[in-house]
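Content type compact mmCIF, C-alpha atoms, from the file final_7.txt:
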```
# COMPACT_ATOMS: atom_id res chain seq x y z
CA MET A 16 0.00 0.00 0.00
CA HIS A 17 2.94 2.33 0.54
CA GLU A 18 4.71 1.19 -2.63
CA THR A 19 4.55 4.70 -4.09
CA ALA A 20 6.35 6.21 -1.11
CA LEU A 21 8.95 3.43 -1.22
CA MET A 22 9.45 3.97 -4.93
CA GLN A 23 9.92 7.70 -4.36
CA ASN A 24 12.66 6.87 -1.88
CA ILE A 25 14.24 4.40 -4.27
CA LEU A 26 14.31 6.90 -7.12
CA ALA A 27 15.71 9.57 -4.81
CA ALA A 28 18.45 7.16 -3.73
CA ALA A 29 19.09 6.28 -7.36
CA ALA A 30 19.29 9.94 -8.40
CA GLN A 31 21.76 10.55 -5.59
CA ALA A 32 23.88 7.56 -6.60
CA LEU A 33 23.93 8.79 -10.20
CA ALA A 34 24.76 12.40 -9.31
CA PRO A 35 28.52 12.04 -9.97
CA TYR A 36 27.91 10.67 -13.48
CA ARG A 37 26.80 12.21 -16.75
CA VAL A 38 23.89 9.87 -17.39
CA LYS A 39 22.63 9.40 -20.91
CA ARG A 40 20.17 6.60 -20.26
CA VAL A 41 19.25 4.41 -17.32
CA ASN A 42 18.80 0.81 -18.45
CA THR A 43 17.97 -1.18 -15.33
CA LEU A 44 17.19 -0.61 -11.68
CA GLU A 45 17.62 -3.68 -9.55
CA VAL A 46 15.56 -3.75 -6.35
CA ARG A 47 15.43 -6.43 -3.68
CA ALA A 48 12.51 -6.60 -1.26
CA GLY A 49 12.36 -8.80 1.82
CA VAL A 50 9.37 -11.10 2.26
CA LEU A 51 8.31 -9.09 5.33
CA ALA A 52 8.39 -5.73 3.52
CA ASN A 53 4.81 -6.12 2.30
CA VAL A 54 5.77 -4.94 -1.16
CA LEU A 55 3.31 -5.90 -3.86
CA PRO A 56 5.25 -6.11 -7.14
CA ASP A 57 2.34 -4.92 -9.33
CA ALA A 58 1.83 -1.80 -7.24
CA PHE A 59 5.57 -1.27 -7.27
CA PHE A 60 5.80 -1.42 -11.08
CA PHE A 61 2.81 0.90 -11.35
CA ALA A 62 4.42 3.43 -9.00
CA PHE A 63 7.69 3.19 -10.92
CA GLU A 64 6.02 3.88 -14.24
CA ALA A 65 4.11 6.85 -12.84
CA LEU A 66 7.06 8.39 -10.99
CA ALA A 67 9.68 7.74 -13.69
CA GLN A 68 7.76 9.74 -16.30
CA GLY A 69 9.70 12.76 -17.45
CA THR A 70 12.79 11.77 -15.47
CA VAL A 71 16.03 10.06 -16.42
CA PHE A 72 14.42 6.79 -15.26
CA ALA A 73 11.64 6.84 -17.86
CA GLY A 74 11.82 3.72 -19.98
CA ALA A 75 14.24 1.94 -17.66
CA CYS A 76 13.63 -1.65 -16.70
CA LEU A 77 12.72 -2.26 -13.06
CA GLN A 78 13.70 -5.65 -11.70
CA VAL A 79 12.26 -6.67 -8.34
CA GLU A 80 13.60 -9.69 -6.57
CA LYS A 81 12.03 -11.10 -3.42
CA THR A 82 14.59 -11.94 -0.77
CA PRO A 83 14.15 -14.30 2.18
CA LEU A 84 13.90 -13.29 5.80
CA GLY A 85 16.73 -14.16 8.11
CA ALA A 86 15.98 -15.88 11.39
CA ARG A 87 17.69 -17.40 14.41
CA CYS A 88 16.02 -20.39 16.01
CA LEU A 89 15.20 -19.71 19.66
CA ASP A 90 15.30 -23.43 20.40
CA CYS A 91 18.47 -24.74 18.73
CA GLY A 92 20.25 -21.50 17.82
CA ALA A 93 20.59 -22.25 14.11
CA THR A 94 20.43 -19.28 11.76
CA TYR A 95 18.51 -19.76 8.57
CA GLU A 96 16.64 -18.06 5.72
CA SER A 97 13.03 -18.53 4.70
CA PHE A 98 10.92 -17.40 1.78
CA THR A 99 7.74 -18.72 3.37
CA LEU A 100 5.76 -17.80 6.47
CA PRO A 101 5.84 -18.92 9.16
CA PRO A 102 9.58 -19.58 9.17
CA VAL A 103 10.40 -23.10 10.32
CA CYS A 104 13.88 -24.04 11.52
CA PRO A 105 15.41 -26.51 9.05
CA GLN A 106 17.59 -27.99 11.83
CA CYS A 107 15.04 -28.81 14.53
CA GLY A 108 11.63 -27.93 13.07
CA SER A 109 10.93 -25.25 15.68
CA ARG A 110 8.66 -22.35 14.77
CA ARG A 111 10.07 -20.05 17.42
CA PRO A 112 12.41 -17.78 15.48
CA GLU A 113 13.96 -14.47 16.31
CA ILE A 114 13.46 -12.55 13.07
CA LEU A 115 16.75 -10.91 12.10
CA ASN A 116 15.72 -9.23 8.85
CA GLY A 117 13.22 -9.35 6.03
CA THR A 118 11.66 -5.87 5.94
CA GLU A 119 14.41 -4.31 3.82
CA VAL A 120 13.68 -2.69 0.47
CA LEU A 121 17.02 -2.34 -1.23
CA LEU A 122 18.10 -0.39 -4.27
CA ALA A 123 20.70 -2.98 -5.24
CA SER A 124 22.22 -1.65 -8.45
CA ILE A 125 21.78 0.70 -11.40
CA ASP A 126 22.80 -0.08 -14.95
CA PHE A 127 23.13 3.00 -17.16
CA ASP A 128 24.90 4.52 -20.16
CA GLU A 129 27.07 7.57 -19.79
CA GLU A 130 27.19 10.48 -22.21
CA ASP A 131 30.09 10.08 -24.60
CA GLU A 132 33.14 12.13 -23.63
CA ASP A 133 33.25 14.07 -26.88
CA GLU A 134 29.55 14.94 -27.01
CA ASP A 135 28.26 18.46 -26.35
CA MET B 284 28.04 0.76 -16.76
CA LYS B 285 26.60 -0.78 -13.65
CA ILE B 286 27.01 0.56 -10.13
CA GLU B 287 26.18 -1.34 -6.96
CA VAL B 288 24.21 0.86 -4.59
CA GLU B 289 22.89 -1.57 -1.94
CA GLN B 290 20.92 1.15 -0.21
CA ASP B 291 18.00 0.06 1.96
CA VAL B 292 15.25 2.68 1.83
CA MET B 293 13.75 1.18 5.00
CA GLN B 294 16.98 1.88 6.89
CA VAL B 295 15.81 5.41 7.79
CA ASN B 296 12.92 3.93 9.74
CA ARG B 297 15.17 1.42 11.49
CA THR B 298 17.52 4.22 12.54
CA TYR B 299 14.67 6.29 14.01
CA ALA B 300 13.18 3.20 15.67
CA ALA B 301 16.50 2.40 17.36
CA GLN B 302 16.75 6.00 18.60
CA ASN B 303 13.17 5.87 19.91
CA ARG B 304 13.91 2.59 21.67
CA ALA B 305 16.98 4.09 23.33
CA ASP B 306 15.00 7.19 24.39
CA PHE B 307 12.18 5.06 25.81
CA SER B 308 14.61 2.91 27.79
CA ALA B 309 16.40 5.97 29.14
CA GLN B 310 13.02 7.23 30.44
CA ARG B 311 12.11 3.76 31.77
CA LEU B 312 9.06 3.86 29.55
CA CYS B 313 7.34 0.80 28.13
CA VAL B 314 5.79 1.23 24.67
CA VAL B 315 3.02 -0.74 22.96
CA ASN B 316 2.19 -0.57 19.24
CA ILE B 317 -1.42 -1.56 18.50
CA LEU B 318 -2.28 -2.78 15.00
CA GLY B 319 -5.58 -3.87 13.51
CA SER B 320 -8.10 -3.26 10.75
CA PRO B 321 -10.33 -0.18 10.75
CA GLY B 322 -13.22 -1.04 13.03
CA ALA B 323 -11.43 -3.82 14.93
CA GLY B 324 -12.15 -1.85 18.10
CA LYS B 325 -8.68 -0.50 18.85
CA THR B 326 -9.85 2.86 20.23
CA THR B 327 -12.65 1.38 22.32
CA LEU B 328 -10.22 -1.21 23.66
CA LEU B 329 -7.91 1.62 24.72
CA GLU B 330 -10.76 3.56 26.32
CA ARG B 331 -11.67 0.55 28.41
CA LEU B 332 -8.08 -0.52 29.10
CA LEU B 333 -6.78 2.83 30.37
CA PRO B 334 -8.76 2.89 33.66
CA LEU B 335 -7.72 -0.71 34.36
CA LEU B 336 -4.07 0.23 33.90
CA GLN B 337 -4.48 3.31 36.07
CA ALA B 338 -6.04 1.12 38.76
CA GLU B 339 -2.74 -0.83 38.72
CA GLY B 340 -0.93 2.41 39.54
CA ILE B 341 0.32 2.94 36.01
CA THR B 342 0.53 6.36 34.34
CA PRO B 343 -0.30 5.87 30.66
CA ALA B 344 -0.27 8.12 27.60
CA VAL B 345 -1.58 7.55 24.09
CA ILE B 346 -0.57 8.37 20.53
CA GLU B 347 -3.41 8.08 18.03
CA GLY B 348 -2.60 7.48 14.36
CA ASP B 349 -5.23 8.15 11.70
CA LEU B 350 -5.35 9.35 8.13
CA ALA B 351 -7.51 12.30 9.14
CA THR B 352 -9.42 13.88 12.06
CA ALA B 353 -8.67 14.05 15.78
CA LYS B 354 -11.77 12.03 16.69
CA ASP B 355 -9.88 9.22 18.39
CA ALA B 356 -7.67 11.60 20.35
CA ALA B 357 -10.77 13.48 21.50
CA ARG B 358 -12.23 10.20 22.78
CA ILE B 359 -9.06 9.37 24.72
CA ALA B 360 -8.70 12.94 26.02
CA GLU B 361 -12.08 12.61 27.75
CA SER B 362 -10.45 10.16 30.15
CA GLY B 363 -7.83 12.76 31.08
CA VAL B 364 -4.97 10.64 29.75
CA PRO B 365 -2.35 12.66 27.79
CA VAL B 366 -2.88 12.04 24.09
CA VAL B 367 -1.43 13.26 20.81
CA GLN B 368 -3.07 12.71 17.46
CA ILE B 369 -0.92 12.08 14.39
CA ASN B 370 -2.65 12.57 11.04
CA THR B 371 -0.84 10.75 8.27
CA ASP B 372 -2.80 12.64 5.60
CA GLY B 373 -3.51 9.52 3.58
CA GLY B 374 -0.42 7.59 4.72
CA CYS B 375 -1.21 3.96 5.46
CA HIS B 376 0.98 3.51 8.54
CA LEU B 377 2.86 5.29 11.31
CA ASP B 378 6.63 5.35 11.02
CA ALA B 379 9.29 5.80 13.68
CA LYS B 380 10.07 9.37 12.63
CA MET B 381 6.45 10.45 13.18
CA ILE B 382 6.67 9.06 16.70
CA ALA B 383 9.99 10.79 17.37
CA ARG B 384 8.49 14.08 16.25
CA VAL B 385 5.59 14.02 18.74
CA LEU B 386 7.48 12.70 21.78
CA PRO B 387 8.37 16.23 23.00
CA ALA B 388 4.62 16.80 23.51
CA PHE B 389 4.74 14.39 26.47
CA ASP B 390 6.37 14.65 29.86
CA LEU B 391 8.03 11.27 29.33
CA ALA B 392 9.64 11.16 32.77
CA SER B 393 6.20 11.12 34.40
CA LEU B 394 4.90 8.24 32.24
CA ASP B 395 5.10 4.47 32.67
CA LEU B 396 3.40 3.25 29.52
CA LEU B 397 2.90 4.72 26.04
CA LEU B 398 0.19 3.09 23.96
CA ILE B 399 0.36 3.82 20.23
CA GLU B 400 -2.74 3.13 18.17
CA ASN B 401 -1.54 2.64 14.60
CA VAL B 402 -3.48 3.50 11.44
CA GLY B 403 -6.26 0.96 10.87
CA ASN B 404 -4.60 -1.35 8.35
CA LEU B 405 -3.57 -4.98 8.60
CA VAL B 406 -0.73 -4.74 6.07
CA CYS B 407 1.68 -1.79 6.05
CA PRO B 408 2.14 -0.99 9.76
CA ALA B 409 3.70 -4.43 10.22
CA SER B 410 6.83 -3.37 8.28
CA PHE B 411 7.48 -0.29 10.40
CA ASP B 412 9.14 -0.75 13.77
CA LEU B 413 8.31 2.26 15.95
CA GLY B 414 10.74 1.30 18.71
CA GLU B 415 8.04 -0.43 20.73
CA ASP B 416 8.49 -3.17 23.34
CA VAL B 417 5.24 -4.99 22.63
CA ARG B 418 3.23 -5.25 19.44
CA ILE B 419 -0.44 -6.15 19.69
CA VAL B 420 -2.65 -7.12 16.76
CA VAL B 421 -6.35 -6.61 17.45
CA LEU B 422 -8.59 -8.91 15.43
CA SER B 423 -12.32 -8.59 15.98
CA VAL B 424 -14.23 -11.80 15.49
CA PRO B 425 -16.66 -10.38 12.87
CA GLU B 426 -13.66 -9.79 10.56
CA GLY B 427 -13.34 -13.52 10.13
CA GLY B 428 -11.01 -16.12 11.53
CA ASP B 429 -9.02 -16.47 8.33
CA LYS B 430 -7.09 -13.22 8.87
CA PRO B 431 -4.02 -14.65 10.66
CA SER B 432 -3.26 -16.98 7.76
CA LYS B 433 -4.07 -14.26 5.18
CA TYR B 434 -1.85 -11.64 6.83
CA PRO B 435 0.97 -13.79 8.21
CA ALA B 436 3.65 -11.07 8.23
CA THR B 437 1.48 -8.87 10.42
CA PHE B 438 0.52 -11.54 12.93
CA LEU B 439 4.05 -12.94 12.97
CA SER B 440 5.36 -9.53 14.02
CA ALA B 441 3.09 -9.40 17.10
CA GLY B 442 3.69 -10.62 20.63
CA ILE B 443 0.03 -10.50 21.64
CA VAL B 444 -3.10 -11.12 19.58
CA VAL B 445 -6.31 -9.71 21.01
CA LEU B 446 -9.47 -11.41 19.76
CA ASN B 447 -11.94 -8.60 20.28
CA LYS B 448 -15.74 -8.31 20.19
CA MET B 449 -16.04 -11.79 21.68
CA ASP B 450 -19.64 -10.94 22.63
CA LEU B 451 -20.41 -11.19 18.89
CA ALA B 452 -18.83 -14.62 18.46
CA PRO B 453 -22.14 -16.52 18.74
CA TYR B 454 -23.63 -14.42 15.92
CA VAL B 455 -20.82 -14.64 13.38
CA GLU B 456 -20.23 -18.40 13.46
CA ILE B 457 -16.50 -18.19 13.96
CA ASP B 458 -14.53 -21.34 14.71
CA LEU B 459 -12.51 -20.01 17.64
CA ALA B 460 -10.51 -23.19 18.12
CA ALA B 461 -9.40 -22.95 14.49
CA VAL B 462 -8.44 -19.27 14.92
CA HIS B 463 -6.31 -20.11 17.94
CA ALA B 464 -4.73 -23.01 16.05
CA ASP B 465 -3.96 -20.80 13.03
CA ILE B 466 -2.31 -18.15 15.19
CA LEU B 467 -0.29 -20.72 17.13
CA ALA B 468 0.75 -22.36 13.86
CA LEU B 469 2.31 -19.04 12.89
CA LYS B 470 3.86 -18.46 16.31
CA PRO B 471 3.60 -21.17 18.98
CA ASP B 472 4.34 -18.81 21.88
CA MET B 473 1.87 -16.10 20.87
CA ARG B 474 -0.17 -14.76 23.77
CA ILE B 475 -3.83 -14.78 22.69
CA ILE B 476 -6.34 -12.83 24.78
CA GLU B 477 -10.07 -12.83 24.12
CA THR B 478 -11.76 -9.53 24.95
CA SER B 479 -15.08 -7.79 24.81
CA CYS B 480 -15.57 -4.09 25.48
CA ARG B 481 -19.19 -4.56 26.52
CA ARG B 482 -19.94 -3.41 30.07
CA GLY B 483 -19.98 -6.34 32.42
CA MET B 484 -17.62 -8.39 30.23
CA GLU B 485 -14.33 -7.03 31.52
CA SER B 486 -12.50 -10.30 32.27
CA GLY B 487 -10.56 -10.26 28.98
CA LEU B 488 -9.66 -6.59 29.34
CA LYS B 489 -8.37 -7.30 32.84
CA GLU B 490 -6.30 -10.18 31.49
CA LEU B 491 -4.81 -7.82 28.88
CA ALA B 492 -4.05 -5.18 31.51
CA THR B 493 -2.37 -7.79 33.71
CA GLU B 494 -0.32 -9.04 30.76
CA LEU B 495 0.87 -5.52 29.88
CA VAL B 496 1.77 -4.79 33.50
CA ALA B 497 3.76 -8.05 33.63
CA ARG B 498 5.64 -7.13 30.46
CA MET B 499 6.34 -3.65 31.82
CA ARG B 500 7.76 -5.07 35.04
CA GLU B 501 9.83 -7.52 33.00
CA LYS B 502 11.33 -4.67 30.96
CA LEU B 503 12.02 -2.45 33.96
CA ALA B 504 13.33 -5.20 36.25
```

Could I get this file's structure written as C-alpha cells?
Amino acid sequence: MHETALMQNILAAAAQALAPYRVKRVNTLEVRAGVLANVLPDAFFFAFEALAQGTVFAGACLQVEKTPLGARCLDCGATYESFTLPPVCPQCGSRRPEILNGTEVLLASIDFDEEDEDED
Amino acid sequence: MKIEVEQDVMQVNRTYAAQNRADFSAQRLCVVNILGSPGAGKTTLLERLLPLLQAEGITPAVIEGDLATAKDAARIAESGVPVVQINTDGGCHLDAKMIARVLPAFDLASLDLLLIENVGNLVCPASFDLGEDVRIVVLSVPEGGDKPSKYPATFLSAGIVVLNKMDLAPYVEIDLAAVHADILALKPDMRIIETSCRRGMESGLKELATELVARMREKLA
C-alpha cells in the first residue's frame, strides 16, 4: 500500500547515486525486497512507471527480486533463511524464530549509459 | 556501466526506531504498538483498558494514528490521559520518525506506559518498527477467523493477539478453536487474549491489563 512512497525513496536514492555521473540513459534498476516488507510487485511497477515519467528513469527496466527473511532459532540457535511464512527451523523444526531481517527494500544496483566524452 | 548501490530505503525507519527505543529505555518507559483493521475496536479497547491500567498504579499516555481527524484523540482525552493525534494525511501507517516528532509533547519522565494506536490497516504498519516493546494485533471476530493466515507477516510480528468483540462470536459463526490453532501455527508462543468491550464483560480486558503490566515489570526489572 505504501509502494509509491517506497518507490519515491528508491528513485531519490538512485538519483543521488547517479549524481557524480553524466547519465545518458538508465537501463535497469535492480531492487530487492524482503518477504516481510509487504511490497506488492504490481503496485511497485505501477508506481515506478508513474514516478519515472519525465525523469532520467523513464523507460528503464525495473527488476524486483524477493529476498528471504533471516531468522535465528530460539530453540536450537541455528540461523537460517526462509521465503515462506511462518519460518520453520530446518535444523530442529521449531517455529520459534527471532526474526533478524526481512523488511528491507534495497536499491541494489543501477545499470546505465554515460554520455560520450566528446559529445556536447 | 553498472554501479552497486545496496541502499536500503527502510533503513531510515530502522535508525529512528533504534533511537526511539533508546529514548524510551532511558526514560524507563514501556511502549506498545497496537495494530488492527479499521473497526477492529482499537480505540474502544484503549478507552476501556486505560482505567484498568491506572487502577494498577500505572501512568499511561496515548498516541493516536489516523489518516484524518482528531476524533480518536478526543475520545481518549475525555479520560484525562495525555494524548497526541498524528494525522498521516492519507499515509497507510505510522513510522518511527512520526513518533519521534511528537514525543516532546509528552512529559516522558512522568509516564510508565505509552500506547500507540496505529493506522487501521492490517498490512503496512507491520513493516514499520516504531521502537516499541510490545506489538499487539487486534482482530475482531466479525472480521473472520481467516485473517491470521491471510496476513501472516502482520501476525508474525506481534507478541500479543487480542481477539476482540467476543460478545459477537455466537452471531458470526467463527470457529474459535481454528483461529487459535492458526495463530499458534504461525507463532507457537503467541499470547492470545479474548476480549469484549461490553460493560460487564471485563474479564478479557483485565487479562490484557495484567499481561501488559507483567511485560512492563519484565522490561524495567

Near chain A, meaning an atom within 7 Å, which residues of chain B appear when counting all atoms listed in the file? Write them as a compact mmCIF listing (two decimals) with C-alpha atoms, keeping the file's coordinate frame.
```
# COMPACT_ATOMS: atom_id res chain seq x y z
CA MET B 284 28.04 0.76 -16.76
CA LYS B 285 26.60 -0.78 -13.65
CA ILE B 286 27.01 0.56 -10.13
CA GLU B 287 26.18 -1.34 -6.96
CA VAL B 288 24.21 0.86 -4.59
CA GLU B 289 22.89 -1.57 -1.94
CA GLN B 290 20.92 1.15 -0.21
CA ASP B 291 18.00 0.06 1.96
CA VAL B 292 15.25 2.68 1.83
CA MET B 293 13.75 1.18 5.00
CA CYS B 375 -1.21 3.96 5.46
CA VAL B 406 -0.73 -4.74 6.07
CA CYS B 407 1.68 -1.79 6.05
CA SER B 410 6.83 -3.37 8.28
CA PRO B 435 0.97 -13.79 8.21
CA ALA B 436 3.65 -11.07 8.23
CA LEU B 469 2.31 -19.04 12.89
CA LYS B 470 3.86 -18.46 16.31
CA PRO B 471 3.60 -21.17 18.98
```

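Distance-wise, CA of Ala492 (chain B) and CA of Glu339 (chain B) end up 8.5 Å apart.
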
Next on the checklist: Please compute the CA of Ile346 (chain B)-CA of Met484 (chain B) distance, one decimal, in Å.
Outcome noted: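 About the pair CA of Ile346 (chain B) and CA of Met484 (chain B): they are 25.8 Å apart.
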
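Neighbouring residues of Ile419 (chain B) at 9 Å or closer, counting only C-alpha atoms and skipping chain neighbours under 2 positions away, are B:Val315, B:Asn316, B:Ile317, B:Leu318, B:Gly319, B:Val417, B:Val421, B:Phe438, B:Ser440, B:Ala441, B:Gly442, B:Ile443, B:Val444, B:Val445.
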
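Interatomic distance, CA of Val496 (chain B) to CA of Asp416 (chain B): 12.3 Å.
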
Checklist entry - For Cys107 (chain A), which residue among A:Tyr95, A:Pro56, A:Asp90, A:Gln68 is the nearest when counting only C-alpha atoms? => result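 Answer, going by the shortest atom-to-atom distance: A:Asp90.
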
Next on the checklist: Taking only C-alpha atoms into account, name the residue in B:Glu330, B:Gln310, B:Leu335, B:Asn447 that is nearest to Phe389 (chain B).
Outcome noted: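 Among the listed residues, the smallest separation from Phe389 (chain B) belongs to B:Gln310.
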
Using all atoms of region 359-366 of chain B that appear in the file, construct an axis-aligned enclosing box with 5 Å of padding on every side and provide its centre coordinates and edge lengths in Å, rounded to one decimal, as JSON.
```
{"center_x": -7.2, "center_y": 11.2, "center_z": 27.6, "size_x": 19.7, "size_y": 13.6, "size_z": 17.0}
```

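Take the candidates B:Ser308, B:Gln302, B:Gln368, B:Ser423 and check each one against Gly348 (chain B) using only C-alpha atoms; the shortest distance goes to B:Gln368.
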
Item to check | Residues within 7 Å of (-4.2, -2.7, 11.0), counting all atoms listed in the file, listed as a ChimeraX atom specification | outcome: /B:318-321,401-406,408

Dump as a CSV table (one decimal), in the coordinates of the input, selection limited to C-alpha atoms:
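Now in again35.csv:
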```csv
chain,number,residue,atom,x,y,z
B,318,LEU,CA,-2.3,-2.8,15.0
B,319,GLY,CA,-5.6,-3.9,13.5
B,320,SER,CA,-8.1,-3.3,10.8
B,321,PRO,CA,-10.3,-0.2,10.8
B,401,ASN,CA,-1.5,2.6,14.6
B,402,VAL,CA,-3.5,3.5,11.4
B,403,GLY,CA,-6.3,1.0,10.9
B,404,ASN,CA,-4.6,-1.4,8.4
B,405,LEU,CA,-3.6,-5.0,8.6
B,406,VAL,CA,-0.7,-4.7,6.1
B,408,PRO,CA,2.1,-1.0,9.8
```

Item to check | From B:Val385, B:Leu329, B:Met473, B:Leu459, residue lying nearest Arg418 (chain B) [only C-alpha atoms] | outcome: B:Met473

Item to check | Shell around Arg87 (chain A) at 6 Å using all atoms listed in the file, local window under 5 positions removed, as a PyMOL selection string | outcome: chain A and resi 92-94+112-113
